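Visitor: So that you have it, the file is target.cif, and it contains mmCIF, C-alpha atoms and all ligand atoms:
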data_upload
loop_
_atom_site.label_atom_id
_atom_site.label_comp_id
_atom_site.auth_asym_id
_atom_site.auth_seq_id
_atom_site.Cartn_x
_atom_site.Cartn_y
_atom_site.Cartn_z
CA MET A 1 92.91 212.23 157.35
CA LYS A 2 90.59 209.27 158.01
CA LYS A 3 89.09 208.87 161.46
CA ALA A 4 88.56 205.51 163.09
CA LEU A 5 86.71 204.71 166.29
CA ILE A 6 87.64 201.48 168.09
CA THR A 7 85.61 199.94 170.89
CA GLY A 8 87.76 197.66 173.03
CA ILE A 9 90.87 199.71 172.28
CA THR A 10 92.51 198.66 175.55
CA GLY A 11 92.31 194.98 174.58
CA GLN A 12 94.69 192.80 172.58
CA ASP A 13 93.16 193.44 169.15
CA GLY A 14 92.32 197.07 169.86
CA SER A 15 95.92 197.88 170.69
CA TYR A 16 97.35 196.17 167.58
CA LEU A 17 94.69 197.73 165.36
CA ALA A 18 95.35 201.20 166.82
CA GLU A 19 99.07 200.80 166.02
CA LEU A 20 98.27 199.74 162.45
CA LEU A 21 95.85 202.61 161.85
CA LEU A 22 98.27 205.18 163.29
CA GLU A 23 100.94 203.85 160.93
CA LYS A 24 98.48 204.33 158.09
CA GLY A 25 97.96 207.95 159.05
CA TYR A 26 94.54 207.68 160.70
CA GLU A 27 93.29 209.77 163.59
CA VAL A 28 92.45 206.99 166.03
CA HIS A 29 89.73 207.31 168.67
CA GLY A 30 89.12 204.63 171.24
CA ILE A 31 86.47 203.92 173.83
CA LYS A 32 87.60 202.69 177.20
CA ARG A 33 85.54 201.78 180.20
CA ARG A 34 85.75 203.87 183.32
CA SER A 35 87.49 201.99 186.11
CA SER A 36 89.09 203.02 189.38
CA LEU A 37 92.30 201.40 188.11
CA PHE A 38 94.18 202.25 184.94
CA ASN A 39 93.51 199.60 182.32
CA THR A 40 95.51 201.07 179.46
CA GLN A 41 98.78 199.06 179.63
CA ARG A 42 98.40 197.80 176.06
CA VAL A 43 98.12 201.30 174.61
CA ASP A 44 100.34 203.25 177.01
CA HIS A 45 103.16 203.33 174.43
CA ILE A 46 100.95 205.22 171.93
CA TYR A 47 99.10 207.37 174.46
CA GLN A 48 99.17 211.12 173.91
CA SER A 49 98.37 213.61 176.63
CA PRO A 50 95.23 215.72 176.05
CA HIS A 51 97.56 218.74 176.16
CA VAL A 52 99.48 217.71 173.05
CA GLU A 53 98.49 219.73 169.98
CA HIS A 54 97.16 217.89 166.91
CA ARG A 55 96.70 214.61 168.70
CA ASN A 56 95.99 211.59 166.54
CA PHE A 57 95.29 209.14 169.38
CA ILE A 58 92.32 210.07 171.54
CA LEU A 59 90.61 208.03 174.25
CA HIS A 60 87.00 208.54 175.33
CA TYR A 61 85.30 207.13 178.39
CA GLY A 62 82.37 205.02 177.33
CA ASP A 63 80.56 201.75 177.60
CA LEU A 64 78.79 199.50 175.13
CA SER A 65 75.90 199.28 177.59
CA ASP A 66 75.20 203.02 177.38
CA SER A 67 73.64 204.16 174.13
CA SER A 68 73.49 207.88 174.92
CA ASN A 69 77.20 207.86 175.60
CA LEU A 70 77.96 205.92 172.39
CA THR A 71 75.80 208.28 170.35
CA ARG A 72 77.54 211.32 171.81
CA ILE A 73 81.01 209.92 171.04
CA ILE A 74 80.08 208.98 167.47
CA GLN A 75 78.50 212.40 166.92
CA GLN A 76 81.62 214.10 168.21
CA VAL A 77 84.11 211.95 166.27
CA GLN A 78 82.17 211.52 162.99
CA PRO A 79 84.22 208.41 162.22
CA ASP A 80 84.86 207.04 158.74
CA GLU A 81 85.30 203.60 160.25
CA VAL A 82 84.02 201.97 163.44
CA TYR A 83 85.65 198.77 164.66
CA ASN A 84 83.51 197.04 167.28
CA LEU A 85 86.09 194.98 169.16
CA GLY A 86 84.71 195.61 172.65
CA ALA A 87 82.97 192.69 174.34
CA GLN A 88 82.73 190.49 177.37
CA SER A 89 84.87 188.04 175.42
CA HIS A 90 85.53 185.22 177.87
CA VAL A 91 83.44 182.16 177.05
CA ALA A 92 83.58 180.64 180.56
CA VAL A 93 82.68 183.99 182.17
CA SER A 94 79.63 184.23 179.89
CA PHE A 95 78.09 181.24 181.71
CA GLU A 96 78.44 183.16 184.97
CA SER A 97 77.30 186.54 183.61
CA PRO A 98 75.02 185.66 180.70
CA GLU A 99 72.83 188.74 180.92
CA TYR A 100 75.73 191.17 181.07
CA THR A 101 77.35 189.33 178.15
CA ALA A 102 74.16 189.62 176.08
CA ASP A 103 73.82 193.30 176.93
CA VAL A 104 77.36 194.22 175.91
CA ASP A 105 78.03 191.77 173.07
CA ALA A 106 74.59 191.67 171.40
CA MET A 107 72.84 194.90 172.39
CA GLY A 108 76.10 196.85 172.36
CA THR A 109 76.47 196.08 168.65
CA LEU A 110 72.91 197.20 168.00
CA ARG A 111 73.49 200.41 169.96
CA LEU A 112 76.47 201.31 167.78
CA LEU A 113 74.67 200.55 164.51
CA GLU A 114 71.62 202.46 165.60
CA ALA A 115 73.73 205.45 166.68
CA ILE A 116 75.41 205.55 163.24
CA ARG A 117 72.02 205.37 161.54
CA LEU A 118 70.23 207.91 163.72
CA LEU A 119 73.07 210.38 163.32
CA GLY A 120 72.65 210.14 159.55
CA LEU A 121 76.12 208.61 159.12
CA GLU A 122 74.94 205.45 157.38
CA LYS A 123 76.56 206.41 154.08
CA LYS A 124 79.78 207.73 155.64
CA THR A 125 80.66 205.35 158.44
CA ARG A 126 81.88 201.83 157.70
CA PHE A 127 81.37 199.25 160.43
CA TYR A 128 83.44 196.21 161.36
CA GLN A 129 81.96 193.62 163.72
CA ALA A 130 84.25 191.27 165.60
CA SER A 131 82.44 188.02 164.95
CA THR A 132 83.87 184.75 166.09
CA SER A 133 84.47 181.08 165.36
CA GLU A 134 82.51 180.41 168.56
CA LEU A 135 79.42 180.82 166.35
CA TYR A 136 80.21 177.35 164.91
CA GLY A 137 80.25 175.82 168.43
CA LEU A 138 79.08 172.26 167.92
CA VAL A 139 80.56 172.15 164.46
CA GLN A 140 78.29 171.12 161.62
CA GLU A 141 81.06 170.85 159.02
CA THR A 142 84.88 170.71 159.02
CA PRO A 143 86.66 172.94 158.20
CA GLN A 144 84.32 175.83 158.97
CA ARG A 145 83.81 178.44 156.28
CA GLU A 146 81.45 181.40 155.67
CA THR A 147 78.64 179.05 154.57
CA THR A 148 78.89 176.60 157.50
CA PRO A 149 75.72 176.63 159.66
CA PHE A 150 76.14 178.05 163.16
CA TYR A 151 75.50 176.16 166.43
CA PRO A 152 76.49 178.41 169.34
CA ARG A 153 77.35 176.66 172.62
CA SER A 154 77.62 179.46 175.19
CA PRO A 155 75.83 182.67 176.21
CA TYR A 156 78.82 184.45 174.63
CA ALA A 157 78.33 182.71 171.29
CA VAL A 158 74.57 183.25 171.34
CA ALA A 159 75.08 186.97 171.98
CA LYS A 160 77.64 187.11 169.17
CA LEU A 161 75.12 185.37 166.89
CA TYR A 162 72.72 188.26 167.40
CA ALA A 163 75.52 190.73 166.71
CA TYR A 164 76.47 188.86 163.54
CA TRP A 165 72.93 189.00 162.15
CA ILE A 166 72.14 192.56 163.20
CA THR A 167 75.30 193.63 161.36
CA ILE A 168 74.05 191.92 158.20
CA ASN A 169 70.55 193.26 158.75
CA TYR A 170 71.73 196.89 158.85
CA ARG A 171 73.67 196.26 155.65
CA GLU A 172 70.61 194.86 153.89
CA ALA A 173 67.98 197.16 155.42
CA TYR A 174 69.81 200.49 155.26
CA GLY A 175 72.54 199.92 152.68
CA MET A 176 75.24 200.49 155.29
CA TYR A 177 78.81 199.29 154.75
CA THR A 178 78.93 196.75 157.58
CA CYS A 179 80.83 193.49 157.76
CA ASN A 180 81.64 190.57 160.01
CA GLY A 181 85.11 189.16 160.46
CA ILE A 182 84.56 185.60 161.68
CA LEU A 183 87.87 185.31 163.47
CA PHE A 184 89.18 182.06 164.84
CA ASN A 185 91.22 182.22 168.07
CA HIS A 186 94.04 184.73 167.82
CA GLU A 187 96.69 185.23 170.43
CA SER A 188 99.85 187.20 171.22
CA PRO A 189 101.93 188.31 174.20
CA ARG A 190 99.13 190.87 174.75
CA ARG A 191 96.45 188.17 175.15
CA GLY A 192 94.46 188.40 178.39
CA GLU A 193 95.96 186.20 181.12
CA THR A 194 92.85 184.03 181.52
CA PHE A 195 92.66 182.76 177.93
CA VAL A 196 94.20 179.36 177.55
CA THR A 197 97.38 180.14 175.55
CA ARG A 198 98.46 182.98 177.80
CA LYS A 199 97.49 181.07 180.92
CA ILE A 200 99.85 178.32 179.75
CA THR A 201 102.82 180.50 178.70
CA ARG A 202 102.57 182.66 181.79
CA GLY A 203 101.84 179.74 184.12
CA LEU A 204 104.75 177.56 182.94
CA ALA A 205 107.19 180.50 182.82
CA ASN A 206 106.28 181.30 186.44
CA ILE A 207 106.82 177.68 187.46
CA ALA A 208 110.16 177.60 185.64
CA GLN A 209 111.26 180.59 187.68
CA GLY A 210 109.97 179.24 191.00
CA LEU A 211 107.05 181.69 191.31
CA ASP A 212 104.41 178.96 191.19
CA ARG A 213 104.30 175.16 191.56
CA CYS A 214 101.60 173.72 189.35
CA LEU A 215 99.30 174.79 186.54
CA TYR A 216 95.65 173.71 186.82
CA MET A 217 93.85 173.28 183.50
CA GLY A 218 90.42 172.34 182.15
CA ASN A 219 89.78 170.35 178.96
CA ILE A 220 93.21 169.91 177.39
CA ASP A 221 91.78 167.78 174.56
CA ALA A 222 90.10 170.88 173.05
CA LEU A 223 91.32 171.62 169.52
CA ARG A 224 91.76 175.18 168.28
CA ASP A 225 92.94 177.01 165.18
CA TRP A 226 95.25 179.64 166.73
CA GLY A 227 96.64 182.56 164.72
CA HIS A 228 98.56 185.72 165.65
CA ALA A 229 96.44 188.77 166.55
CA LYS A 230 98.74 191.05 164.55
CA ASP A 231 97.96 189.16 161.34
CA TYR A 232 94.25 189.26 162.11
CA VAL A 233 93.88 193.01 162.77
CA TYR A 234 95.38 193.71 159.36
CA MET A 235 92.50 191.72 157.90
CA GLN A 236 90.00 193.76 159.95
CA TRP A 237 91.26 196.91 158.30
CA LEU A 238 91.35 195.30 154.84
CA MET A 239 87.70 194.26 155.13
CA LEU A 240 86.65 197.90 155.43
CA GLN A 241 88.66 198.99 152.36
CA GLN A 242 86.71 196.98 149.75
CA GLU A 243 84.17 198.16 147.23
CA LYS A 244 81.42 196.00 148.70
CA PRO A 245 80.95 194.91 152.31
CA GLU A 246 81.28 191.16 152.85
CA ASP A 247 81.85 188.70 155.68
CA PHE A 248 85.06 186.69 155.92
CA VAL A 249 86.44 183.76 157.91
CA ILE A 250 89.94 184.44 159.23
CA ALA A 251 91.94 181.40 160.34
CA THR A 252 95.23 179.58 159.81
CA GLY A 253 93.69 176.33 158.54
CA LEU A 254 95.56 174.21 161.10
CA GLN A 255 94.41 173.01 164.50
CA TYR A 256 96.21 171.79 167.61
CA SER A 257 95.19 170.60 171.06
CA VAL A 258 95.61 172.55 174.28
CA ARG A 259 97.89 169.68 175.38
CA GLN A 260 100.13 170.34 172.36
CA PHE A 261 100.34 174.04 173.27
CA ILE A 262 101.45 173.03 176.79
CA GLN A 263 104.11 170.73 175.34
CA TRP A 264 105.45 173.42 173.00
CA THR A 265 105.60 176.00 175.78
CA ALA A 266 107.51 173.60 178.02
CA GLU A 267 109.93 172.90 175.14
CA GLU A 268 110.61 176.63 174.81
CA LEU A 269 111.56 176.72 178.49
CA GLY A 270 113.87 173.72 178.12
CA ILE A 271 111.48 171.33 179.85
CA GLY A 272 110.69 167.88 178.43
CA LEU A 273 107.18 166.88 179.54
CA ARG A 274 105.27 163.62 179.38
CA PHE A 275 101.54 163.24 179.94
CA GLU A 276 100.28 160.35 182.05
CA GLY A 277 96.84 159.21 183.21
CA GLU A 278 93.43 159.99 181.80
CA GLY A 279 90.56 162.43 182.26
CA VAL A 280 90.68 164.39 185.50
CA ASP A 281 93.65 162.25 186.63
CA GLU A 282 95.87 163.24 183.72
CA VAL A 283 99.09 164.99 184.74
CA ALA A 284 102.13 166.38 182.96
CA ILE A 285 105.42 165.22 184.50
CA VAL A 286 108.90 166.60 183.88
CA ASP A 287 111.12 164.16 181.98
CA SER A 288 114.16 166.34 181.45
CA VAL A 289 115.41 169.89 181.94
CA SER A 290 117.96 171.58 179.72
CA GLY A 291 119.35 175.11 179.47
CA GLU A 292 119.05 177.72 182.21
CA ASP A 293 115.51 179.00 181.89
CA ALA A 294 113.87 176.60 184.34
CA PRO A 295 116.11 176.50 187.42
CA ALA A 296 113.16 175.73 189.70
CA VAL A 297 112.10 172.57 187.85
CA LYS A 298 113.51 169.04 188.15
CA PRO A 299 112.68 165.67 186.58
CA GLY A 300 109.69 163.99 188.24
CA ASP A 301 107.92 167.27 189.13
CA VAL A 302 104.22 167.38 188.26
CA LEU A 303 103.73 170.65 186.38
CA VAL A 304 100.16 170.34 185.15
CA ARG A 305 97.01 168.90 186.71
CA ILE A 306 93.37 168.93 185.70
CA ASP A 307 90.87 170.90 187.76
CA PRO A 308 87.25 170.27 186.65
CA LYS A 309 86.34 173.80 187.73
CA TYR A 310 87.79 174.91 184.39
CA PHE A 311 85.45 172.63 182.41
CA ARG A 312 82.66 174.53 180.66
CA PRO A 313 78.97 173.60 181.02
CA ALA A 314 78.93 173.10 177.24
CA GLU A 315 82.27 172.82 175.45
CA VAL A 316 83.39 173.67 171.92
CA GLU A 317 85.60 170.63 171.30
CA THR A 318 87.04 171.46 167.92
CA LEU A 319 87.44 174.45 165.61
CA LEU A 320 89.24 174.57 162.29
CA GLY A 321 88.80 177.45 159.86
CA ASP A 322 88.97 177.67 156.10
CA ALA A 323 90.02 181.22 155.12
CA SER A 324 90.20 180.55 151.38
CA LYS A 325 87.65 183.28 150.62
CA ALA A 326 89.88 185.88 152.36
CA HIS A 327 92.84 184.53 150.45
CA ALA A 328 91.09 184.55 147.08
CA LYS A 329 89.33 187.92 147.39
CA LEU A 330 91.71 189.94 149.55
CA GLY A 331 94.99 188.13 149.04
CA TRP A 332 95.20 187.59 152.81
CA LYS A 333 97.29 184.82 154.34
CA PRO A 334 98.52 184.55 157.92
CA GLN A 335 102.25 185.27 158.27
CA ILE A 336 102.87 183.72 161.68
CA ASP A 337 102.22 180.02 162.41
CA THR A 338 101.02 178.63 165.74
CA ARG A 339 104.38 177.18 166.78
CA THR A 340 106.13 180.54 166.22
CA LEU A 341 103.32 182.31 168.06
CA CYS A 342 103.80 179.99 171.04
CA LYS A 343 107.53 180.66 171.03
CA GLU A 344 107.01 184.43 171.07
CA MET A 345 104.50 184.20 173.92
CA ALA A 346 106.61 181.80 175.99
CA HIS A 347 109.72 183.99 175.74
CA HIS A 348 107.78 187.14 176.50
CA ASP A 349 106.37 185.57 179.66
CA LEU A 350 109.71 184.04 180.61
CA LYS A 351 111.28 187.50 180.56
CA GLU A 352 108.54 188.83 182.83
CA ALA A 353 108.82 185.82 185.17
CA LYS A 354 112.59 186.37 185.43
CA ARG A 355 111.96 190.00 186.35
CA GLN A 356 109.43 188.97 189.01
CA ALA A 357 111.77 186.30 190.37
CA PHE A 358 114.56 188.86 190.63
CA LEU A 359 112.25 191.24 192.55
CA LYS A 360 111.17 188.43 194.86
CA GLN A 361 114.76 187.39 195.59
CA ASN A 362 115.45 190.99 196.48
CA GLY A 363 112.65 191.23 199.00
CA PHE A 364 109.79 192.61 196.92
CA ASP A 365 106.67 190.50 197.17
CA CYS A 366 104.70 189.77 194.05
CA ALA A 367 101.29 188.14 193.77
CA MET A 368 100.91 185.76 190.83
CA SER A 369 97.69 184.21 189.68
CA SER A 370 96.99 181.62 187.01
CA GLU A 371 93.21 181.56 187.41
CA GLY A 372 91.18 181.60 184.22
C1 LIG B 401 87.39 182.83 168.97
C2 LIG B 401 87.12 182.82 170.45
O1 LIG B 401 88.35 182.58 171.12
C3 LIG B 401 88.31 182.64 172.53
O2 LIG B 401 87.41 181.68 173.08
P1 LIG B 401 87.87 180.25 173.59
O3 LIG B 401 88.17 179.37 172.41
O4 LIG B 401 86.88 179.77 174.56
O5 LIG B 401 89.28 180.61 174.27
P2 LIG B 401 90.05 180.09 175.55
O6 LIG B 401 91.47 180.42 175.31
O7 LIG B 401 89.44 180.60 176.81
O8 LIG B 401 89.81 178.50 175.52
C4 LIG B 401 90.27 177.69 174.47
C5 LIG B 401 90.02 176.24 174.81
O9 LIG B 401 90.87 175.88 175.87
C6 LIG B 401 90.14 175.10 176.81
N1 LIG B 401 90.78 175.17 178.13
C7 LIG B 401 91.32 174.12 178.80
N2 LIG B 401 91.77 174.51 179.99
C8 LIG B 401 91.51 175.86 180.08
C9 LIG B 401 91.78 176.79 181.09
O10 LIG B 401 92.31 176.46 182.16
N3 LIG B 401 91.42 178.09 180.84
C10 LIG B 401 90.81 178.45 179.65
N4 LIG B 401 90.49 179.76 179.45
N5 LIG B 401 90.54 177.54 178.67
C11 LIG B 401 90.90 176.27 178.90
C12 LIG B 401 88.76 175.73 176.78
O11 LIG B 401 87.79 174.85 177.37
C13 LIG B 401 88.59 175.93 175.28
O12 LIG B 401 88.13 174.76 174.68
C14 LIG B 401 87.86 184.03 172.96
O13 LIG B 401 88.75 184.99 172.46
C15 LIG B 401 86.46 184.30 172.40
O14 LIG B 401 86.14 185.65 172.67
C16 LIG B 401 86.41 184.01 170.94
O15 LIG B 401 85.67 184.67 170.21
#
Please lay out the structure from this file as structure tokens.
Ligand SMILES: C[C@H]1O[C@H](OP(=O)(O)OP(=O)(O)OC[C@H]2O[C@@H](n3cnc4c(=O)[nH]c(N)nc43)[C@H](O)[C@@H]2O)[C@@H](O)[C@@H](O)C1=O
Guide:
Amino acid sequence: MKKALITGITGQDGSYLAELLLEKGYEVHGIKRRSSLFNTQRVDHIYQSPHVEHRNFILHYGDLSDSSNLTRIIQQVQPDEVYNLGAQSHVAVSFESPEYTADVDAMGTLRLLEAIRLLGLEKKTRFYQASTSELYGLVQETPQRETTPFYPRSPYAVAKLYAYWITINYREAYGMYTCNGILFNHESPRRGETFVTRKITRGLANIAQGLDRCLYMGNIDALRDWGHAKDYVYMQWLMLQQEKPEDFVIATGLQYSVRQFIQWTAEELGIGLRFEGEGVDEVAIVDSVSGEDAPAVKPGDVLVRIDPKYFRPAEVETLLGDASKAHAKLGWKPQIDTRTLCKEMAHHDLKEAKRQAFLKQNGFDCAMSSEG
């Protein structure tokens, strides 16, 4: 039975990857940060109590900022595969906590690689690094592929640039099987609430159900290549099953604006929207309402406004990936397109908003937030 260790197992990708590896018969170990609150909602359905015999899903307390703890966990688990998905992954937050971001995202990667090496596991343990399209930042070529020069635009991207190169360095210096998946944005109903797609689906579903009035957004002109996280974690696994370690771009090859994602989400809720005005004065106004999913919305309502507090000090305006290497060498192609992804997310969040609205009508108070 193969053993995998996943950092960031409580996150979107970690939870999908854990499901995939369990299906494939792995013993899955995950590292989760200690917190006074439970933060395991995304893996609760696969959780096994420590008292179950022959467990194949095991969580360890740990932190990418603590090398002694990482070394101890790796020594104990002796993993065949390590997936480094843990990170401070919010680009806007990285401008507010640049040092923490560097420590976890850059140094955390080094700590893991060094632990594998010092424990003498460099021939046994394969290593996947969650690299990112944010490395391309101020894009030097379109579409972006494995050979496109990087130009990071945030403390997050700069930290991930270090992680990208240290992963390659350990491959070249020590002959370790290490690789980078350069993943473009990937989303799902499990996406964190402060990333733009989820903020939109959750925000508009809440408005539709009368739990909120208006959604405040940043730069809605930004263009992204959005895929489904489920498709992308399969590729993470595939990258570690090859003869030779290599780096791959993972993307859909299509890009859309944040504004388009708002429009699609509204459509799913039966709301026709039109955008008016420019820059910080742009608003989205309700044109029509159909169906029964948006009882709290009427024509003329302003559903979306711009709040400059969500602008980033340096923005990544456009990202578009070319995953033809992954297609040619690994036969990988995304199965779920962006429009279908949006539909799944919108209906997931609508269901939750309906549940919250029901609770509210019946006297239970619920706090909603669309910060992010
Ligand atoms: C691949 C990459 O993918 C993600 O990074 P991201 O692209 O920054 O993701 P996001 O969903 O926060 O923003 C997407 C775009 O949307 C714009 N935008 C407008 N208005 C709001 C807004 O109100 N909130 C947010 N969050 N973004 C907004 C924002 O300015 C940006 O242009 C992370 O997983 C990262 O870890 C990663 O590696």
Visitor: For A:Ala163, find every residue with an atom within 8 Å (counting all atoms listed in the file), except residues of its own chain fewer than 6 positions away, and show them as a PDB file with C-alpha atoms, in the frame of the given file.
Guide:
ATOM      1  CA  ASP A 105      78.030 191.770 173.070  1.00  0.00           C
ATOM      2  CA  ALA A 106      74.590 191.670 171.400  1.00  0.00           C
ATOM      3  CA  MET A 107      72.840 194.900 172.390  1.00  0.00           C
ATOM      4  CA  THR A 109      76.470 196.080 168.650  1.00  0.00           C
ATOM      5  CA  LEU A 110      72.910 197.200 168.000  1.00  0.00           C
ATOM      6  CA  GLN A 129      81.960 193.620 163.720  1.00  0.00           C
ATOM      7  CA  SER A 131      82.440 188.020 164.950  1.00  0.00           C
TER       8      SER A 131
END
Visitor: So the first atom is atom CA of A:Thr340 and the second is atom CA of A:Glu267; what is the distance between them in Å, to one decimal place?
Guide: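 Atom-to-atom, atom CA of A:Thr340 to atom CA of A:Glu267, that is 12.3 Å.
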Visitor: Can I get the residues close to ligand LIG 401 (chain B) as a PyMOL selection string, where close means within 8 Å and we count all atoms listed in the file?
Guide: chain A and resi 87-92+131-134+156-157+183-186+194-199+216-224+258+310-312+315-318+371-372
Visitor: Determine, counting all atoms listed in the file, which protein, DNA and RNA residues have an atom within 8 Å of an atom of A:Ile207; residues of the same chain fewer than 4 positions away are not included. Present the result as a list in words.
Guide: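 Non-adjacent residues within range: Gly203, Leu211, Asp212, Arg213, Cys214, Ala294, Ala296, Val297 and Leu303 of chain A.
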Visitor: Can you work out the spacing between atom CA of A:Gln255 and atom CA of A:Arg274 in Å, to one decimal?
Guide: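 Rounded to one decimal, the two atoms are 20.7 Å apart.
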Visitor: Taking all atoms listed in the file into account, name the residue in A:Tyr16, A:Thr71, A:Ile271, A:Ser65 that is nearest to A:Gly291.
Guide: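 Among the listed residues, the smallest separation from A:Gly291 belongs to A:Ile271.
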Visitor: For A:Arg34, which of A:Met239, A:Leu5, A:Ile116, A:Leu64 is the closest residue, counting only C-alpha atoms?
Guide: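 Between A:Met239, A:Leu5, A:Ile116, A:Leu64, the residue approaching A:Arg34 most closely is A:Leu64.
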Visitor: For stretch 333-336 of chain A, please output as an NGL selection string all residues within 12 Å (counting all atoms listed in the file; exclusion window: fewer than 6 positions along the same chain).
Guide: :A and (184 or 186-188 or 225-235 or 249-254 or 322-327 or 342-344)
Visitor: Mind giving me the straight-line distance from atom CA of A:Gly272 to atom CA of A:Leu359 in Å, one decimal?
Guide: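 Between atom CA of A:Gly272 and atom CA of A:Leu359 the gap works out to 27.3 Å.
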Visitor: Could you list, as a list in words, every residue within 9 Å of stretch 350-354 of chain A, counting all atoms listed in the file and ignoring same-chain residues fewer than 4 positions away?
Guide: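 The neighbour list is Thr201, Arg202, Leu204, Ala205, Asn206, Ile207, Ala208, Gln209, Gly210, Leu211, Leu269, Asp293, Met345, Ala346, Phe358 and Leu359 of chain A.
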Visitor: Using the block above, I'd like stretch 97-108 of chain A written out, keeping N, CA and C atoms and formatting it as a short mmCIF file (atom, residue, chain, number, x, y, z; two decimals), in the first residue's frame.
Guide:
data_model
loop_
_atom_site.label_atom_id
_atom_site.label_comp_id
_atom_site.auth_asym_id
_atom_site.auth_seq_id
_atom_site.Cartn_x
_atom_site.Cartn_y
_atom_site.Cartn_z
N SER A 97 0.61 40.36 4.75
CA SER A 97 1.48 39.50 5.56
C SER A 97 2.59 38.91 4.67
N PRO A 98 3.45 39.76 4.14
CA PRO A 98 4.45 39.26 3.19
C PRO A 98 5.47 38.33 3.82
N GLU A 99 5.84 38.62 5.06
CA GLU A 99 6.89 37.82 5.70
C GLU A 99 6.37 36.43 6.05
N TYR A 100 5.17 36.40 6.58
CA TYR A 100 4.54 35.11 6.90
C TYR A 100 4.38 34.28 5.62
N THR A 101 3.94 34.96 4.55
CA THR A 101 3.73 34.27 3.27
C THR A 101 5.05 33.66 2.78
N ALA A 102 6.14 34.45 2.88
CA ALA A 102 7.44 33.95 2.44
C ALA A 102 7.87 32.76 3.29
N ASP A 103 7.63 32.86 4.59
CA ASP A 103 8.06 31.80 5.50
C ASP A 103 7.35 30.48 5.17
N VAL A 104 6.04 30.56 4.98
CA VAL A 104 5.26 29.34 4.76
C VAL A 104 5.42 28.83 3.32
N ASP A 105 5.28 29.74 2.35
CA ASP A 105 5.22 29.31 0.95
C ASP A 105 6.60 29.00 0.37
N ALA A 106 7.60 29.82 0.74
CA ALA A 106 8.95 29.59 0.19
C ALA A 106 9.74 28.67 1.12
N MET A 107 9.94 29.11 2.36
CA MET A 107 10.76 28.33 3.30
C MET A 107 10.09 27.01 3.66
N GLY A 108 8.78 27.00 3.70
CA GLY A 108 8.05 25.76 4.01
C GLY A 108 8.40 24.67 3.00
#
